[in-house]
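What follows is one structure encoded as structure tokens, with my remarks underneath.
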Amino acid sequence: MIQSFKMALRSISGNRMRAALTMLGIIIGVMALVVLVSLVNGATSSVTDAVSGLGSSMLTVTVSDSKGKPLDLATLSDWEEQYGELGPIAASTAATAVGKYGGSNATMTLYGVTPAYFQVEGLTMSMGRWLRSADLDNGSYVCVVNETAAEELVGYTDCVGEEISLNGVKYTVVGVLGNNDDSLTAVFTSNSKVAYIPYTSLIRLSDSVSREIGSFSVGAAEGRTLEDAETRMQELLMERFDGDEDAFDLSSQNVLEDAMSSITSVLTILLGGIAAISLIVGGIGIMNIMLVTVTERTREIGIRKAIGASRGSILMQFLMEAVVLCMLGCALGIFCSWSILRLVSAAVSGLSLRFELNGGVVWVSVIFCFMIGVIFGLYPANKAAKMKPIDALHYGG
């Protein structure tokens with residue numbers, strides 16, 4: 001085998017231009033496979049990390065049919081205290097209101113929330129304070145606005161202590177939310193005019209809001225996983241709503257990550273399949289050139305057989321040459337892929353994206369290239385091994 005390897009290298013070095021052109025198909029195929037899959041994995045990793053930070057540690061519950069057993073604030077408070085798997089539980093509901101300040105007015109989105117909403121949704125304060133338990137218990141006329149509402153309605157963000165009118169009722173601004181890219185709620189409402197008021201206050205303010213809680217969010221308790229909280233909440237809801245799974249919807253932001261993972265897997269398989277076709281085309285090119293090589297070296301084959309070379313040694317010689325061609329192309333393709341990924345990473349460094357060579361796809365490329373070398377080199381090698389010495393020696397091509 002070592003002798004066959006040396007002969008393969010000697011043959012390839014003797015026809016460098018032809019060998020380079022033959023390997024070109026393999027190089028391009030490997031580059032397509034490695035670069036495309038690595039780019040997809042890199043982009044997916046970045047997106048997944050971003051999604052993981054957008055409230056992925058919370059569950060969202062939406063009740064569609066209370067079965068005559070509506071949820072209220074007291075029930076949620078009892079669940080939070082009694083079950084160790086459950087962290088803070090935040091009820092929320094929304095309504096639309098007309099906000100006024102001085103001569104300015106604007107349509108605003110009102111969220112009636114409980115104090116735990118701040119922690120569960122991962123919000124941050126720019127100034128002032130968040131809503132307190134006393135505000136909820138008393139139905140106080142206080143509100144927290146986002147920066148967009150403060151700037152467009154009041155005219156400036158430092159508006160803590162100012163009074164704004166919401167549907168004709170005066171509310172005191174006690175806080176202004178900060179912009180937080182790690183909060184899904186903050187991202188979605190950053191360009192909207194939003195005010196947060198106590199849940200009990202919104203019930204009095206809007207006729208469309210009832211005391212029956214239709215939506216709330218749950219975090220996992222310290223030291224517990226989100227899966228633990230989800231299991232416990234599923235049990236509580238099933239028990240309360242008579243085992244009817246259609247009465248409520250329980251979801252987490254992990255669904256986004258699972259969906260992203262599924263999409264990525266399909267995309268990786270699709271791109272990998274396209275790149276594999278390129279490698280197969282490169283393999284056909286290698287088989288083609290090996291057939292030419294066998295024809296050119298017919299007399300050499302005849303001489304080797306005449307002095308005692310076995311059929312197996314001839315087969316191994318030409319098969320080794322095909323495999324070496326493939327593996328050299330593979331090595332060059334991997335090197336070029338690494339270089340391209342480094343350049344791409346440098347070009348998009350400002351976007352917090354990093355593309356690295358994927359070890360798994362590199363090994364797939366190596367194995368696939370070896371198989372292509374064996375499969376597409378077997379026919380030319382077998383053709384050379386089956387030649388009769390007398391016919392080979394009399395070949396005049």
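Letters A, B, ... mark the chains of the structure tokens in the order given; residue numbers begin at 1 per chain; ligand numbers begin at 1, in order shown.
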Using only C-alpha atoms, find each residue in segment 69-113 of chain A having at least one atom no more than 6 Å away from segment 203-216 of chain A; report its shortest atom-to-atom pair and that distance in Å (one decimal), rows by chain then rising number, as JSON lines.
```
{"residue": "A:Pro70", "atom": "CA", "partner": "A:Glu212", "partner_atom": "CA", "distance": 5.6}
{"residue": "A:Leu71", "atom": "CA", "partner": "A:Ile213", "partner_atom": "CA", "distance": 5.4}
{"residue": "A:Asp72", "atom": "CA", "partner": "A:Ile213", "partner_atom": "CA", "distance": 5.6}
{"residue": "A:Ala90", "atom": "CA", "partner": "A:Phe216", "partner_atom": "CA", "distance": 5.4}
{"residue": "A:Ala91", "atom": "CA", "partner": "A:Phe216", "partner_atom": "CA", "distance": 4.1}
{"residue": "A:Ser92", "atom": "CA", "partner": "A:Phe216", "partner_atom": "CA", "distance": 5.6}
```
Restricting it to N, CA, C and O atoms, dump the selection as a CSV table (one decimal), in the first residue's frame.
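The file below, result01.csv, is the result:
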```csv
chain,number,residue,atom,x,y,z
A,70,PRO,N,-63.3,30.8,36.8
A,70,PRO,CA,-62.4,31.8,36.4
A,70,PRO,C,-61.2,32.1,37.3
A,70,PRO,O,-61.4,31.9,38.5
A,71,LEU,N,-60.1,32.4,36.8
A,71,LEU,CA,-58.9,32.7,37.6
A,71,LEU,C,-59.0,34.1,38.0
A,71,LEU,O,-59.5,35.0,37.3
A,72,ASP,N,-58.5,34.4,39.2
A,72,ASP,CA,-58.4,35.8,39.7
A,72,ASP,C,-57.0,36.0,40.3
A,72,ASP,O,-56.2,35.0,40.4
A,90,ALA,N,-47.3,36.7,36.9
A,90,ALA,CA,-47.7,38.0,36.5
A,90,ALA,C,-48.9,38.0,35.6
A,90,ALA,O,-48.9,37.5,34.5
A,91,ALA,N,-50.0,38.6,36.1
A,91,ALA,CA,-51.2,38.7,35.3
A,91,ALA,C,-51.1,39.9,34.4
A,91,ALA,O,-50.5,40.9,34.8
A,92,SER,N,-51.7,39.9,33.3
A,92,SER,CA,-51.7,41.1,32.4
A,92,SER,C,-52.9,41.1,31.5
A,92,SER,O,-53.4,40.0,31.1
```
Write out as a compact mmCIF listing (two decimals) with N, CA and C atoms, in the first residue's frame the residues lying within 7 Å of Met31 of chain A, counting only C-alpha atoms and excluding same-chain residues fewer than 2 positions away.
```txt
# COMPACT_ATOMS: atom_id res chain seq x y z
N ILE A 27 -12.60 20.33 -4.79
CA ILE A 27 -12.34 21.52 -3.97
C ILE A 27 -13.59 22.39 -3.87
N ILE A 28 -14.23 22.62 -5.00
CA ILE A 28 -15.45 23.45 -5.01
C ILE A 28 -16.57 22.77 -4.22
N GLY A 29 -16.70 21.46 -4.38
CA GLY A 29 -17.73 20.72 -3.66
C GLY A 29 -17.53 20.78 -2.15
N LEU A 33 -19.93 22.64 0.65
CA LEU A 33 -20.48 21.92 1.80
C LEU A 33 -20.07 22.58 3.12
N VAL A 34 -18.77 22.80 3.29
CA VAL A 34 -18.26 23.30 4.57
C VAL A 34 -18.70 24.74 4.81
N VAL A 35 -18.54 25.59 3.80
CA VAL A 35 -18.85 27.01 3.97
C VAL A 35 -20.34 27.23 4.21
N GLY A 333 -9.83 22.08 -0.21
CA GLY A 333 -11.17 22.64 -0.05
C GLY A 333 -11.41 23.09 1.38
N ILE A 334 -10.95 22.30 2.36
CA ILE A 334 -11.13 22.65 3.77
C ILE A 334 -10.31 23.90 4.11
N CYS A 336 -9.40 26.30 2.02
CA CYS A 336 -10.06 27.45 1.38
C CYS A 336 -11.33 27.84 2.16
N SER A 337 -12.05 26.85 2.66
CA SER A 337 -13.26 27.12 3.45
C SER A 337 -12.91 27.88 4.72
```
Could you give me, as a ChimeraX atom specification, the residues within 12 Å of Asn15 of chain A, counting only C-alpha atoms and dropping anything in the same chain fewer than 6 positions from it?
/A:8-9,21-22,289,293,325
Keeping only C-alpha atoms, take the residues you just selected and write them out as a short mmCIF file (atom, residue, chain, number, x, y, z; two decimals), in the first residue's frame.
```cif
data_model
loop_
_atom_site.label_atom_id
_atom_site.label_comp_id
_atom_site.auth_asym_id
_atom_site.auth_seq_id
_atom_site.Cartn_x
_atom_site.Cartn_y
_atom_site.Cartn_z
CA ALA A 8 0.18 7.74 -6.88
CA LEU A 9 2.02 10.85 -5.69
CA LEU A 21 -8.05 20.75 -12.78
CA THR A 22 -9.30 17.30 -11.79
CA ILE A 289 -9.47 11.42 -15.86
CA THR A 293 -4.75 7.71 -17.22
CA LEU A 325 -6.62 12.96 -5.76
#
```
Proximity check segment 96-197 of chain A to segment 78-88 of chain A, 8 Å, nearest pairs one decimal Å, only C-alpha atoms, as a Markdown table:
```
| residue | atom | partner | partner_atom | distance |
| --- | --- | --- | --- | --- |
| A:Ala116 | CA | A:Pro88 | CA | 5.8 |
| A:Gln119 | CA | A:Pro88 | CA | 7.7 |
| A:Val120 | CA | A:Pro88 | CA | 6.7 |
```
Atom CA of Leu202 of chain A to atom CA of Gly112 of chain A, straight-line distance in Å
5.4 Å
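The closest residue to Ile301 of chain A, picked from A:Val374, A:Leu332, A:Leu393, A:Val324 and counting only C-alpha atoms, is A:Leu393.
Candidate residues A:Ile375, A:Ile286, A:Leu136, A:Val366 were compared for distance to Ala20 of chain A, and the nearest is A:Ile286, using only C-alpha atoms.
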Figure out the distance between atom CA of Met23 of chain A and atom CA of Glu300 of chain A, please, to one decimal in Å.
24.1 Å
